[in-house]
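Coordinates as given in query_7.csv (CSV, C-alpha atoms and all ligand atoms):
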```csv
chain,number,residue,atom,x,y,z
W,1,MET,CA,-23.0,50.7,145.9
W,2,SER,CA,-26.2,52.7,146.6
W,3,LEU,CA,-27.4,56.2,147.4
W,4,LEU,CA,-28.6,56.6,151.0
W,5,VAL,CA,-31.3,59.2,151.4
W,6,THR,CA,-31.9,60.3,155.0
W,7,GLY,CA,-34.6,62.7,156.1
W,8,SER,CA,-38.2,63.1,157.0
W,9,ILE,CA,-40.9,60.5,156.1
W,10,ALA,CA,-44.4,61.9,156.8
W,11,THR,CA,-47.9,62.2,155.6
W,12,ASP,CA,-50.0,65.3,155.2
W,13,HIS,CA,-53.7,65.2,156.2
W,14,LEU,CA,-55.4,68.2,154.6
W,15,MET,CA,-58.9,69.2,155.3
W,16,SER,CA,-61.1,72.0,153.9
W,17,PHE,CA,-63.6,73.9,155.9
W,18,PRO,CA,-66.3,75.5,153.7
W,19,GLY,CA,-66.9,78.4,156.1
W,20,ARG,CA,-64.7,81.0,157.9
W,21,PHE,CA,-62.8,80.2,161.1
W,22,SER,CA,-63.2,83.8,162.1
W,23,ASP,CA,-67.0,83.5,162.3
W,24,SER,CA,-66.6,80.9,165.1
W,25,LEU,CA,-64.0,82.7,167.1
W,26,VAL,CA,-65.1,84.9,170.1
W,27,VAL,CA,-62.2,87.2,170.8
W,28,GLU,CA,-63.1,87.8,174.5
W,29,GLN,CA,-63.3,84.0,175.1
W,30,LEU,CA,-60.1,82.9,173.5
W,31,ASP,CA,-58.7,81.7,176.8
W,32,LYS,CA,-61.5,79.1,176.8
W,33,LEU,CA,-61.2,78.3,173.1
W,34,SER,CA,-62.8,75.0,172.1
W,35,VAL,CA,-64.2,74.8,168.6
W,36,SER,CA,-64.7,72.0,166.1
W,37,PHE,CA,-65.1,72.5,162.4
W,38,LEU,CA,-67.1,70.2,160.2
W,39,VAL,CA,-64.9,69.8,157.2
W,40,ASP,CA,-66.1,68.5,153.9
W,41,ASP,CA,-62.8,67.1,152.5
W,42,LEU,CA,-59.9,65.0,153.8
W,43,GLU,CA,-56.9,64.4,151.6
W,44,VAL,CA,-54.1,62.2,152.8
W,45,ARG,CA,-50.8,62.8,150.9
W,46,ARG,CA,-47.6,60.9,151.1
W,47,GLY,CA,-44.7,63.1,151.8
W,48,GLY,CA,-41.6,63.8,153.8
W,49,CYS,CA,-38.4,65.0,152.0
W,50,ALA,CA,-36.5,61.7,152.1
W,51,ALA,CA,-39.5,59.7,150.9
W,52,ASN,CA,-40.2,62.3,148.1
W,53,ILE,CA,-36.6,62.2,146.9
W,54,CYS,CA,-36.6,58.4,146.9
W,55,PHE,CA,-39.8,58.2,145.0
W,56,GLY,CA,-38.3,60.4,142.3
W,57,LEU,CA,-35.1,58.3,142.1
W,58,GLY,CA,-37.2,55.1,141.9
W,59,ASN,CA,-39.2,56.5,139.1
W,60,LEU,CA,-36.1,57.2,137.1
W,61,GLY,CA,-35.0,53.6,137.5
W,62,LEU,CA,-32.6,53.7,140.4
W,63,ARG,CA,-32.9,51.8,143.7
W,64,PRO,CA,-32.3,54.4,146.5
W,65,VAL,CA,-32.1,53.4,150.1
W,66,LEU,CA,-34.5,55.3,152.3
W,67,VAL,CA,-33.2,56.1,155.8
W,68,GLY,CA,-35.5,57.5,158.4
W,69,ALA,CA,-37.8,56.7,161.3
W,70,VAL,CA,-41.5,55.8,161.1
W,71,GLY,CA,-44.3,54.3,163.2
W,72,GLU,CA,-46.1,51.0,162.8
W,73,ASP,CA,-48.6,52.7,160.7
W,74,PHE,CA,-46.1,52.9,157.9
W,75,VAL,CA,-47.3,49.6,156.3
W,76,ASP,CA,-49.3,51.0,153.3
W,77,TYR,CA,-46.7,53.8,152.6
W,78,ARG,CA,-43.9,51.2,152.7
W,79,ALA,CA,-45.7,49.1,150.1
W,80,TRP,CA,-46.2,52.1,147.9
W,81,LEU,CA,-42.6,53.1,148.0
W,82,GLU,CA,-41.4,49.6,147.4
W,83,ARG,CA,-43.6,49.3,144.4
W,84,HIS,CA,-41.7,52.4,143.2
W,85,HIS,CA,-38.2,50.8,143.6
W,86,VAL,CA,-37.4,52.3,146.9
W,87,ASP,CA,-35.4,50.1,149.3
W,88,CYS,CA,-37.2,50.5,152.7
W,89,SER,CA,-35.4,47.7,154.5
W,90,SER,CA,-33.4,50.1,156.7
W,91,VAL,CA,-36.3,52.3,157.8
W,92,HIS,CA,-36.4,52.3,161.6
W,93,VAL,CA,-39.8,51.5,163.0
W,94,SER,CA,-40.7,53.0,166.3
W,95,GLU,CA,-42.5,50.8,168.8
W,96,THR,CA,-44.2,53.7,170.5
W,97,ARG,CA,-44.7,56.6,168.2
W,98,HIS,CA,-46.6,57.2,164.9
W,99,THR,CA,-45.1,58.3,161.7
W,100,ALA,CA,-44.7,62.1,161.5
W,101,ARG,CA,-47.8,63.8,160.4
W,102,PHE,CA,-48.8,67.3,159.3
W,103,VAL,CA,-52.5,68.0,159.9
W,104,CYS,CA,-54.0,71.2,158.4
W,105,THR,CA,-57.4,72.6,158.0
W,106,THR,CA,-57.9,75.5,155.5
W,107,ASP,CA,-61.0,77.6,155.4
W,108,LYS,CA,-62.6,79.4,152.4
W,109,ASP,CA,-60.4,82.5,153.0
W,110,MET,CA,-57.3,80.3,153.0
W,111,ALA,CA,-56.8,80.8,156.8
W,112,GLN,CA,-55.2,77.7,158.3
W,113,PHE,CA,-55.0,75.8,161.5
W,114,ALA,CA,-52.1,73.4,161.3
W,115,SER,CA,-50.0,71.1,163.5
W,116,PHE,CA,-46.9,69.1,162.9
W,117,TYR,CA,-46.4,66.0,164.9
W,118,ALA,CA,-42.8,64.8,164.6
W,119,GLY,CA,-43.5,61.5,166.3
W,120,ALA,CA,-41.3,58.6,165.3
W,121,MET,CA,-39.0,61.1,163.4
W,122,THR,CA,-37.2,61.9,166.7
W,123,GLU,CA,-35.9,58.3,166.7
W,124,ALA,CA,-34.0,58.9,163.5
W,125,ARG,CA,-31.1,60.0,165.8
W,126,GLU,CA,-30.7,56.3,166.8
W,127,ILE,CA,-29.8,55.3,163.2
W,128,GLU,CA,-26.3,54.4,162.4
W,129,LEU,CA,-25.4,54.6,158.7
W,130,GLN,CA,-22.4,52.2,158.5
W,131,PRO,CA,-24.5,49.0,158.9
W,132,ILE,CA,-26.9,50.2,156.2
W,133,ALA,CA,-24.0,51.0,153.8
W,134,ASP,CA,-22.5,47.6,154.5
W,135,ARG,CA,-25.8,45.9,153.7
W,136,VAL,CA,-26.0,47.5,150.3
W,137,GLY,CA,-22.3,47.1,149.4
W,138,GLY,CA,-21.3,50.7,150.2
W,139,ALA,CA,-22.7,54.2,149.8
W,140,THR,CA,-21.9,56.4,146.8
W,141,TYR,CA,-23.4,59.4,148.7
W,142,VAL,CA,-25.5,60.0,151.8
W,143,LEU,CA,-28.0,62.8,151.4
W,144,VAL,CA,-28.7,64.5,154.7
W,145,GLY,CA,-32.1,66.0,154.3
W,146,PRO,CA,-34.4,67.8,156.8
W,147,ASN,CA,-35.1,65.6,159.7
W,148,ASP,CA,-34.8,65.5,163.5
W,149,PRO,CA,-32.0,68.0,164.0
W,150,GLU,CA,-30.0,65.6,166.2
W,151,ALA,CA,-30.3,62.9,163.5
W,152,MET,CA,-29.0,65.4,160.9
W,153,ARG,CA,-26.0,66.2,163.0
W,154,ARG,CA,-25.3,62.6,163.8
W,155,HIS,CA,-25.5,61.5,160.1
W,156,THR,CA,-23.3,64.4,159.0
W,157,GLN,CA,-20.7,63.6,161.7
W,158,GLU,CA,-20.7,59.9,160.9
W,159,CYS,CA,-20.1,60.6,157.2
W,160,ARG,CA,-17.3,63.0,158.0
W,161,GLU,CA,-15.6,60.5,160.4
W,162,ARG,CA,-16.0,57.5,158.1
W,163,GLY,CA,-15.1,59.4,154.9
W,164,ILE,CA,-18.5,58.8,153.3
W,165,PRO,CA,-19.3,61.6,150.8
W,166,PHE,CA,-22.3,63.5,151.9
W,167,LEU,CA,-24.8,66.0,150.4
W,168,ALA,CA,-26.2,68.7,152.7
W,169,ASP,CA,-29.8,69.5,152.2
W,170,PRO,CA,-31.0,71.2,155.4
W,171,SER,CA,-33.9,73.2,153.7
W,172,GLN,CA,-36.7,73.7,156.2
W,173,GLN,CA,-34.5,73.1,159.2
W,174,LEU,CA,-32.5,76.2,158.4
W,175,ALA,CA,-35.2,78.2,159.9
W,176,PHE,CA,-34.9,76.2,163.2
W,177,GLY,CA,-31.1,75.7,163.3
W,178,ASP,CA,-28.6,78.1,164.9
W,179,GLY,CA,-25.4,79.1,163.2
W,180,GLU,CA,-23.4,76.4,165.1
W,181,LEU,CA,-25.7,73.6,163.8
W,182,ILE,CA,-25.8,74.9,160.3
W,183,ARG,CA,-22.1,75.2,160.0
W,184,ASP,CA,-21.8,71.7,161.3
W,185,LEU,CA,-24.3,70.4,158.7
W,186,ILE,CA,-22.7,71.9,155.6
W,187,ASP,CA,-18.9,71.9,156.3
W,188,GLY,CA,-17.3,69.4,154.1
W,189,ALA,CA,-20.3,68.4,152.1
W,190,ASP,CA,-19.7,67.3,148.5
W,191,ILE,CA,-22.8,69.3,147.5
W,192,LEU,CA,-25.0,71.8,149.3
W,193,PHE,CA,-28.6,72.2,148.1
W,194,SER,CA,-30.7,75.3,148.8
W,195,ASN,CA,-33.2,77.6,147.2
W,196,GLU,CA,-32.4,81.3,146.9
W,197,TYR,CA,-34.0,82.3,150.2
W,198,GLU,CA,-32.2,79.5,152.0
W,199,SER,CA,-28.9,80.6,150.5
W,200,ALA,CA,-29.3,84.0,152.2
W,201,LEU,CA,-30.3,82.3,155.4
W,202,ILE,CA,-27.2,80.1,155.3
W,203,GLU,CA,-24.9,83.1,154.9
W,204,LYS,CA,-26.7,85.1,157.6
W,205,LYS,CA,-26.8,82.3,160.2
W,206,THR,CA,-23.3,80.8,159.6
W,207,GLY,CA,-21.6,84.2,159.3
W,208,TRP,CA,-19.8,82.8,156.2
W,209,SER,CA,-19.8,84.7,152.9
W,210,ALA,CA,-20.9,82.9,149.8
W,211,ALA,CA,-17.2,82.5,148.9
W,212,GLU,CA,-16.5,81.0,152.3
W,213,VAL,CA,-19.4,78.6,151.9
W,214,LEU,CA,-18.2,77.5,148.5
W,215,ASP,CA,-14.7,76.9,149.9
W,216,ARG,CA,-16.2,74.4,152.4
W,217,VAL,CA,-18.5,72.5,150.0
W,218,GLY,CA,-17.5,71.2,146.6
W,219,THR,CA,-20.5,72.4,144.8
W,220,TRP,CA,-23.5,74.7,145.8
W,221,VAL,CA,-26.7,74.0,143.9
W,222,VAL,CA,-29.1,76.9,144.3
W,223,THR,CA,-32.6,76.4,142.9
W,224,LEU,CA,-34.3,79.6,141.6
W,225,GLY,CA,-38.0,78.5,141.4
W,226,ALA,CA,-39.5,79.1,137.9
W,227,ASP,CA,-36.1,80.6,136.9
W,228,GLY,CA,-34.3,77.3,137.1
W,229,VAL,CA,-31.1,76.6,138.9
W,230,ARG,CA,-27.5,77.8,139.4
W,231,VAL,CA,-24.7,75.4,140.1
W,232,GLU,CA,-21.6,77.0,141.6
W,233,ARG,CA,-18.1,75.7,142.2
W,234,SER,CA,-15.3,77.7,143.8
W,235,GLY,CA,-13.2,79.5,141.2
W,236,GLN,CA,-15.4,78.5,138.3
W,237,GLU,CA,-18.1,80.2,136.2
W,238,PRO,CA,-21.5,79.1,137.5
W,239,ILE,CA,-23.7,76.8,135.4
W,240,VAL,CA,-27.2,78.3,134.9
W,241,VAL,CA,-29.9,76.0,133.7
W,242,ALA,CA,-33.4,77.3,132.8
W,243,ALA,CA,-36.5,75.5,134.2
W,244,VAL,CA,-38.7,73.4,132.0
W,245,PRO,CA,-41.8,75.4,130.9
W,246,GLU,CA,-44.8,74.1,132.8
W,247,ILE,CA,-47.9,73.0,130.9
W,248,GLU,CA,-50.0,74.2,133.8
W,249,LYS,CA,-49.1,75.4,137.3
W,250,VAL,CA,-51.2,73.4,139.8
W,251,GLU,CA,-49.3,73.2,143.1
W,252,PRO,CA,-45.5,73.6,143.7
W,253,THR,CA,-45.2,71.6,147.0
W,254,GLY,CA,-42.3,69.1,146.7
W,255,VAL,CA,-40.6,70.7,143.6
W,256,GLY,CA,-37.4,71.0,145.5
W,257,ASP,CA,-37.4,67.3,146.4
W,258,ALA,CA,-38.1,66.2,142.9
W,259,PHE,CA,-35.3,68.5,141.6
W,260,ARG,CA,-32.9,66.8,144.0
W,261,ALA,CA,-34.0,63.3,142.8
W,262,GLY,CA,-33.3,64.2,139.2
W,263,PHE,CA,-30.0,65.8,140.0
W,264,LEU,CA,-28.8,62.8,142.1
W,265,ALA,CA,-29.9,60.3,139.4
W,266,ALA,CA,-27.7,62.0,136.8
W,267,LEU,CA,-24.9,62.1,139.4
W,268,GLU,CA,-25.2,58.4,140.0
W,269,TRP,CA,-25.0,57.8,136.2
W,270,GLY,CA,-21.7,59.8,136.1
W,271,LEU,CA,-23.2,62.6,134.0
W,272,SER,CA,-22.1,66.3,134.2
W,273,HIS,CA,-23.5,68.9,136.6
W,274,GLU,CA,-25.3,70.5,133.7
W,275,ARG,CA,-27.1,67.3,132.8
W,276,ALA,CA,-27.9,66.8,136.5
W,277,ALA,CA,-29.4,70.3,136.8
W,278,GLN,CA,-31.4,69.7,133.6
W,279,LEU,CA,-32.8,66.4,134.8
W,280,GLY,CA,-33.6,67.9,138.1
W,281,CYS,CA,-35.6,70.7,136.4
W,282,LEU,CA,-37.5,68.2,134.3
W,283,LEU,CA,-38.5,66.0,137.1
W,284,ALA,CA,-39.5,69.1,139.2
W,285,VAL,CA,-41.9,70.3,136.6
W,286,TYR,CA,-43.9,67.1,136.8
W,287,VAL,CA,-44.6,68.0,140.5
W,288,VAL,CA,-45.6,71.6,139.6
W,289,GLU,CA,-48.3,70.1,137.3
W,290,ARG,CA,-49.9,67.9,140.0
W,291,VAL,CA,-51.4,68.2,143.4
W,292,GLY,CA,-49.2,66.2,145.8
W,293,THR,CA,-45.6,65.3,145.7
W,294,GLN,CA,-45.7,61.7,144.7
W,295,GLU,CA,-48.6,61.7,142.2
W,296,TYR,CA,-46.8,61.9,138.8
W,297,THR,CA,-46.3,58.9,136.5
W,298,LEU,CA,-43.4,59.0,134.0
W,299,HIS,CA,-43.6,57.6,130.5
W,300,GLN,CA,-40.2,56.9,129.0
W,301,SER,CA,-40.7,58.3,125.5
W,302,GLU,CA,-42.6,61.3,126.6
W,303,PHE,CA,-40.1,62.1,129.3
W,304,VAL,CA,-37.1,61.9,127.0
W,305,GLN,CA,-38.9,63.9,124.3
W,306,ARG,CA,-39.7,66.6,126.8
W,307,PHE,CA,-36.0,66.7,127.8
W,308,ALA,CA,-35.0,67.0,124.2
W,309,ASP,CA,-37.5,69.7,123.5
W,310,THR,CA,-36.1,71.8,126.3
W,311,TYR,CA,-32.4,71.0,126.4
W,312,GLY,CA,-31.6,69.5,122.9
W,313,GLU,CA,-31.4,66.1,121.3
W,314,GLN,CA,-27.7,65.5,122.3
W,315,ALA,CA,-28.3,66.2,126.0
W,316,ALA,CA,-31.4,64.0,125.9
W,317,ALA,CA,-29.4,61.1,124.4
W,318,GLU,CA,-27.2,61.1,127.4
W,319,ILE,CA,-30.2,60.8,129.7
W,320,ALA,CA,-32.0,58.3,127.5
W,321,ALA,CA,-29.0,55.9,127.9
W,322,HIS,CA,-29.7,55.5,131.6
W,323,VAL,CA,-33.2,56.5,132.5
W,324,LYS,CA,-35.8,53.8,133.0
W,325,THR,CA,-39.3,55.1,133.9
W,326,PRO,CA,-42.1,52.8,135.0
W,327,ARG,CA,-44.1,53.1,131.7
W,328,PRO,CA,-42.9,52.9,128.1
W,401,LIG,N1,-43.2,77.3,138.1
W,401,LIG,C1,-42.3,76.4,137.8
W,401,LIG,N2,-42.1,76.0,136.5
W,401,LIG,C2,-41.2,75.1,136.2
W,401,LIG,N3,-40.3,74.6,137.0
W,401,LIG,C3,-40.3,75.0,138.3
W,401,LIG,C4,-41.3,76.0,138.8
W,401,LIG,N4,-41.1,76.2,140.1
W,401,LIG,C5,-40.0,75.4,140.4
W,401,LIG,N5,-39.5,74.7,139.4
W,401,LIG,C6,-38.4,73.8,139.3
W,401,LIG,O1,-38.2,73.3,140.6
W,401,LIG,C7,-36.9,73.6,141.1
W,401,LIG,C8,-36.9,73.9,142.6
W,401,LIG,O2,-37.8,75.0,142.8
W,401,LIG,P1,-37.6,76.0,144.1
W,401,LIG,O3,-36.4,76.8,143.9
W,401,LIG,O4,-38.9,76.7,144.2
W,401,LIG,O5,-37.5,74.9,145.3
W,401,LIG,P2,-37.9,75.0,146.8
W,401,LIG,O6,-38.1,76.5,147.2
W,401,LIG,O7,-36.9,74.2,147.6
W,401,LIG,O8,-39.3,74.3,146.8
W,401,LIG,P3,-40.1,73.5,147.9
W,401,LIG,O9,-39.2,73.5,149.1
W,401,LIG,O10,-41.4,74.1,148.0
W,401,LIG,O11,-40.2,72.1,147.3
W,401,LIG,C9,-36.4,74.7,140.3
W,401,LIG,O12,-35.0,74.7,140.1
W,401,LIG,C10,-37.1,74.5,138.9
W,401,LIG,O13,-36.4,73.6,138.1
W,402,MG,MG,-37.2,73.3,149.4
```
Turn the structure described in the file into structure tokens.
Amino acid sequence: MSLLVTGSIATDHLMSFPGRFSDSLVVEQLDKLSVSFLVDDLEVRRGGCAANICFGLGNLGLRPVLVGAVGEDFVDYRAWLERHHVDCSSVHVSETRHTARFVCTTDKDMAQFASFYAGAMTEAREIELQPIADRVGGATYVLVGPNDPEAMRRHTQECRERGIPFLADPSQQLAFGDGELIRDLIDGADILFSNEYESALIEKKTGWSAAEVLDRVGTWVVTLGADGVRVERSGQEPIVVAAVPEIEKVEPTGVGDAFRAGFLAALEWGLSHERAAQLGCLLAVYVVERVGTQEYTLHQSEFVQRFADTYGEQAAAEIAAHVKTPRP
């Protein structure tokens, strides 16, 4: 039995322009706009929510199954993920489109020109989960992460119809989706993940109160940024877990995905929601401390020690019995 993680797979191409865009823009000529900026830096970062979550799970010693759509340019990225224990055999490869790509140029005032190309991601709607679950001996859970909206809807419906437990993680797509889509994506989920802002958006767009949302999902995990996380279940006291103090705050992109990886790993090991929330917070802090979402390297003894320092020896022992990081 394996965990199936569906969602976006993408790369970010980030450039820095040492001047100011505004110095090159002629307001009266915007209808004929044609400018090119000589940039002095290009950084290509691996990302996409499903890929980030799988990377985290692989680093904790699990073998998650990545489910999403890419282009033929996925070769290097596939090798990287496979080196980190991610099963990429069921990734759909488009014959005509490139892997989704975010291209952004930032100037010295932090003004940005950005484009997102969805590309092959739109073909994720062609993926059926059952054959993938069969290949790996069944699915413990299917995470439905941000993706082509039609794919998200299809994966959710397939899980519901086939009785496969699913985890709703609509994140960025909440801004895009209407109430009807969002209700469809979360109704009946075993767990709903969101940050605080997204929680408010869910209530606003679905028209359901927090209590009504909780009645429809087993558990609602709300991440609170540097304040940690709150795990809610209908009719029970919420579990609140503090974040792990960061050594230095470098860049927070991808913290949410790392949190989910830690949470899901503990769930796969049969540990409590409290342990899951703690492991999620610990993995997330490694992402806060790095530029990029898949740039951390875990060392077993240091990782377990940091868990113990924050959440106590006894809790750390439960994690240590399962976790297997790439380095000793
Ligand atoms: N500054 C921080 N220091 C330590 N841990 C942090 C910090 N910011 C976030 N985290 C951890 O990451 C988790 C997720 O953070 P957050 O609620 O900001 O997610 P998010 O808004 O979905 O992020 P994103 O979508 O940008 O990845 C938190 O529950 C916390 O454990
Ligand atoms: Mg998020």
Take the point (-43.9, 58.4, 161.6) as written in the file and pick out every residue within 8 Å of it, counting all atoms listed in the file; give the list as a CSV table (one decimal) with C-alpha atoms, keeping the file's coordinate frame.
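Done, and the output landed in result.csv:
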```
chain,number,residue,atom,x,y,z
W,9,ILE,CA,-40.9,60.5,156.1
W,10,ALA,CA,-44.4,61.9,156.8
W,69,ALA,CA,-37.8,56.7,161.3
W,70,VAL,CA,-41.5,55.8,161.1
W,71,GLY,CA,-44.3,54.3,163.2
W,72,GLU,CA,-46.1,51.0,162.8
W,73,ASP,CA,-48.6,52.7,160.7
W,74,PHE,CA,-46.1,52.9,157.9
W,94,SER,CA,-40.7,53.0,166.3
W,97,ARG,CA,-44.7,56.6,168.2
W,98,HIS,CA,-46.6,57.2,164.9
W,99,THR,CA,-45.1,58.3,161.7
W,100,ALA,CA,-44.7,62.1,161.5
W,101,ARG,CA,-47.8,63.8,160.4
W,118,ALA,CA,-42.8,64.8,164.6
W,119,GLY,CA,-43.5,61.5,166.3
W,120,ALA,CA,-41.3,58.6,165.3
W,121,MET,CA,-39.0,61.1,163.4
```
Which polymer residues have any atom within 9 Å of an atom of W:Arg153, counting all atoms listed in the file, with same-chain residues fewer than 6 positions away left out, as a ChimeraX atom specification? /W:125,144,181,184-185
So that I can check the surroundings of W:Ala133, please list as a PDB file with C-alpha atoms, in the coordinates of the input every protein, DNA and RNA residue that reaches within 12 Å of it, counting only C-alpha atoms and ignoring chain neighbours fewer than 5 positions away.
```pdb
ATOM      1  CA  MET W   1     -23.000  50.700 145.900  1.00  0.00           C
ATOM      2  CA  SER W   2     -26.200  52.700 146.600  1.00  0.00           C
ATOM      3  CA  LEU W   3     -27.400  56.200 147.400  1.00  0.00           C
ATOM      4  CA  LEU W   4     -28.600  56.600 151.000  1.00  0.00           C
ATOM      5  CA  VAL W   5     -31.300  59.200 151.400  1.00  0.00           C
ATOM      6  CA  PRO W  64     -32.300  54.400 146.500  1.00  0.00           C
ATOM      7  CA  VAL W  65     -32.100  53.400 150.100  1.00  0.00           C
ATOM      8  CA  LEU W  66     -34.500  55.300 152.300  1.00  0.00           C
ATOM      9  CA  VAL W  67     -33.200  56.100 155.800  1.00  0.00           C
ATOM     10  CA  SER W  89     -35.400  47.700 154.500  1.00  0.00           C
ATOM     11  CA  SER W  90     -33.400  50.100 156.700  1.00  0.00           C
ATOM     12  CA  ILE W 127     -29.800  55.300 163.200  1.00  0.00           C
ATOM     13  CA  GLU W 128     -26.300  54.400 162.400  1.00  0.00           C
ATOM     14  CA  GLY W 138     -21.300  50.700 150.200  1.00  0.00           C
ATOM     15  CA  ALA W 139     -22.700  54.200 149.800  1.00  0.00           C
ATOM     16  CA  THR W 140     -21.900  56.400 146.800  1.00  0.00           C
ATOM     17  CA  TYR W 141     -23.400  59.400 148.700  1.00  0.00           C
ATOM     18  CA  VAL W 142     -25.500  60.000 151.800  1.00  0.00           C
ATOM     19  CA  GLU W 158     -20.700  59.900 160.900  1.00  0.00           C
ATOM     20  CA  CYS W 159     -20.100  60.600 157.200  1.00  0.00           C
ATOM     21  CA  ARG W 162     -16.000  57.500 158.100  1.00  0.00           C
ATOM     22  CA  ILE W 164     -18.500  58.800 153.300  1.00  0.00           C
ATOM     23  CA  PRO W 165     -19.300  61.600 150.800  1.00  0.00           C
TER      24      PRO W 165
END
```
Find the residue from W:Glu313, W:Asp41, W:Asp23, W:Glu302 that sits nearest to W:Ala111; use only C-alpha atoms when measuring.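 Smallest separation from W:Ala111 among the options: W:Asp23.
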Dump the neighbourhood of ligand MG 402 (chain W) as a list of chain:residue names: all residues within 9 Å, distances computed on only C-alpha atoms and all ligand atoms. W:Cys49, W:Asp169, W:Pro170, W:Ser171, W:Gln172, W:Phe193, W:Ser194, W:Asn195, W:Glu198, W:Thr223, W:Thr253, W:Gly254, W:Val255, W:Gly256, W:Asp257
Using only C-alpha atoms and all ligand atoms, the shortest atom-to-atom distance to ligand LIG 401 (chain W) among W:Arg78, W:Lys108, W:Arg260, W:His322 belongs to W:Arg260
With 10 Å as the cut-off and only C-alpha atoms and all ligand atoms counted, what is the closest atom pair between each nearby residue of chain W and ligand LIG 401 (chain W)? Distances in Å to one decimal, ordered by chain and number, as a tab-separated table.
```
residue	atom	partner	partner_atom	distance
W:Cys49	CA	W:LIG401	O11	8.7
W:Asn52	CA	W:LIG401	O11	9.8
W:Asp169	CA	W:LIG401	O7	9.7
W:Ser171	CA	W:LIG401	O7	6.9
W:Gln172	CA	W:LIG401	O9	7.5
W:Phe193	CA	W:LIG401	O7	8.6
W:Ser194	CA	W:LIG401	O7	6.4
W:Asn195	CA	W:LIG401	O3	4.7
W:Glu196	CA	W:LIG401	O3	6.7
W:Tyr197	CA	W:LIG401	O6	7.7
W:Glu198	CA	W:LIG401	O6	8.2
W:Val221	CA	W:LIG401	O12	9.2
W:Val222	CA	W:LIG401	O3	7.3
W:Thr223	CA	W:LIG401	O3	3.9
W:Leu224	CA	W:LIG401	O3	4.2
W:Gly225	CA	W:LIG401	O3	3.4
W:Ala226	CA	W:LIG401	C4	3.7
W:Asp227	CA	W:LIG401	C10	6.5
W:Gly228	CA	W:LIG401	O12	4.0
W:Val229	CA	W:LIG401	O12	4.5
W:Arg230	CA	W:LIG401	O12	8.1
W:Val241	CA	W:LIG401	O13	8.2
W:Ala242	CA	W:LIG401	O13	7.1
W:Ala243	CA	W:LIG401	O13	4.3
W:Val244	CA	W:LIG401	C2	5.2
W:Pro245	CA	W:LIG401	C2	5.3
W:Glu246	CA	W:LIG401	N2	5.0
W:Ile247	CA	W:LIG401	N2	8.6
W:Glu248	CA	W:LIG401	N2	8.5
W:Lys249	CA	W:LIG401	N1	6.2
W:Val250	CA	W:LIG401	N1	9.1
W:Glu251	CA	W:LIG401	N1	8.9
W:Pro252	CA	W:LIG401	O10	6.0
W:Thr253	CA	W:LIG401	O10	4.7
W:Gly254	CA	W:LIG401	O11	3.7
W:Val255	CA	W:LIG401	O11	4.0
W:Gly256	CA	W:LIG401	O11	3.5
W:Asp257	CA	W:LIG401	O11	5.6
W:Ala258	CA	W:LIG401	O1	7.5
W:Phe259	CA	W:LIG401	C7	5.4
W:Arg260	CA	W:LIG401	C8	8.3
W:Gly262	CA	W:LIG401	O13	10.0
W:Ala277	CA	W:LIG401	O13	7.8
W:Gln278	CA	W:LIG401	O13	7.8
W:Leu279	CA	W:LIG401	O13	8.7
W:Gly280	CA	W:LIG401	O13	6.4
W:Cys281	CA	W:LIG401	O13	3.5
W:Leu282	CA	W:LIG401	O13	6.7
W:Leu283	CA	W:LIG401	O13	7.9
W:Ala284	CA	W:LIG401	O1	4.6
W:Val285	CA	W:LIG401	N3	4.6
W:Tyr286	CA	W:LIG401	N3	8.3
W:Val287	CA	W:LIG401	O1	8.3
W:Val288	CA	W:LIG401	C1	6.1
W:Glu289	CA	W:LIG401	N2	8.6
W:Thr293	CA	W:LIG401	O11	8.8
```
Go ahead and compute the interatomic distance for atom CA of W:Ala321 and atom CA of W:Cys54, in Å to one decimal.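 It comes out at 20.6 Å.
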What is the distance between atom CA of W:Gly312 and atom CA of W:Arg275, in Å to one decimal?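 So the answer is 11.1 Å.
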Point-to-point distance in Å for atom CA of W:Lys205 and atom CA of W:Glu180: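 A separation of 8.4 Å between them.
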Determine, counting all atoms listed in the file, every residue of protein, DNA or RNA that lies within 8 Å of (-44.1, 54.5, 128.6) in the file coordinates, then give the result as a list in words.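 Looking at atoms near the point gives Leu298, His299, Gln300, Ser301, Glu302, Thr325, Pro326, Arg327 and Pro328 of chain W.
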Hey, which of W:Gly61, W:Gly68, W:Gly207, W:Gly48 ends up closest to W:Gly179? Count only C-alpha atoms. W:Gly207
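Minimum distance to W:Gln294 across W:Leu214, W:Val39, W:Ala51, W:Ala266 (counting all atoms listed in the file) occurs at W:Ala51.
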Best match for closeness to W:Thr219 among W:Val240, W:Val27, W:Ile191, W:Ala317, counting only C-alpha atoms: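 Checking each of W:Val240, W:Val27, W:Ile191, W:Ala317 against W:Thr219, counting only C-alpha atoms, the winner is W:Ile191.
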Residues within 8 Å of W:Asp40, only C-alpha atoms, excluding chain neighbours under 5 positions, as a list in words: Met15, Ser16, Phe17 and Pro18 of chain W
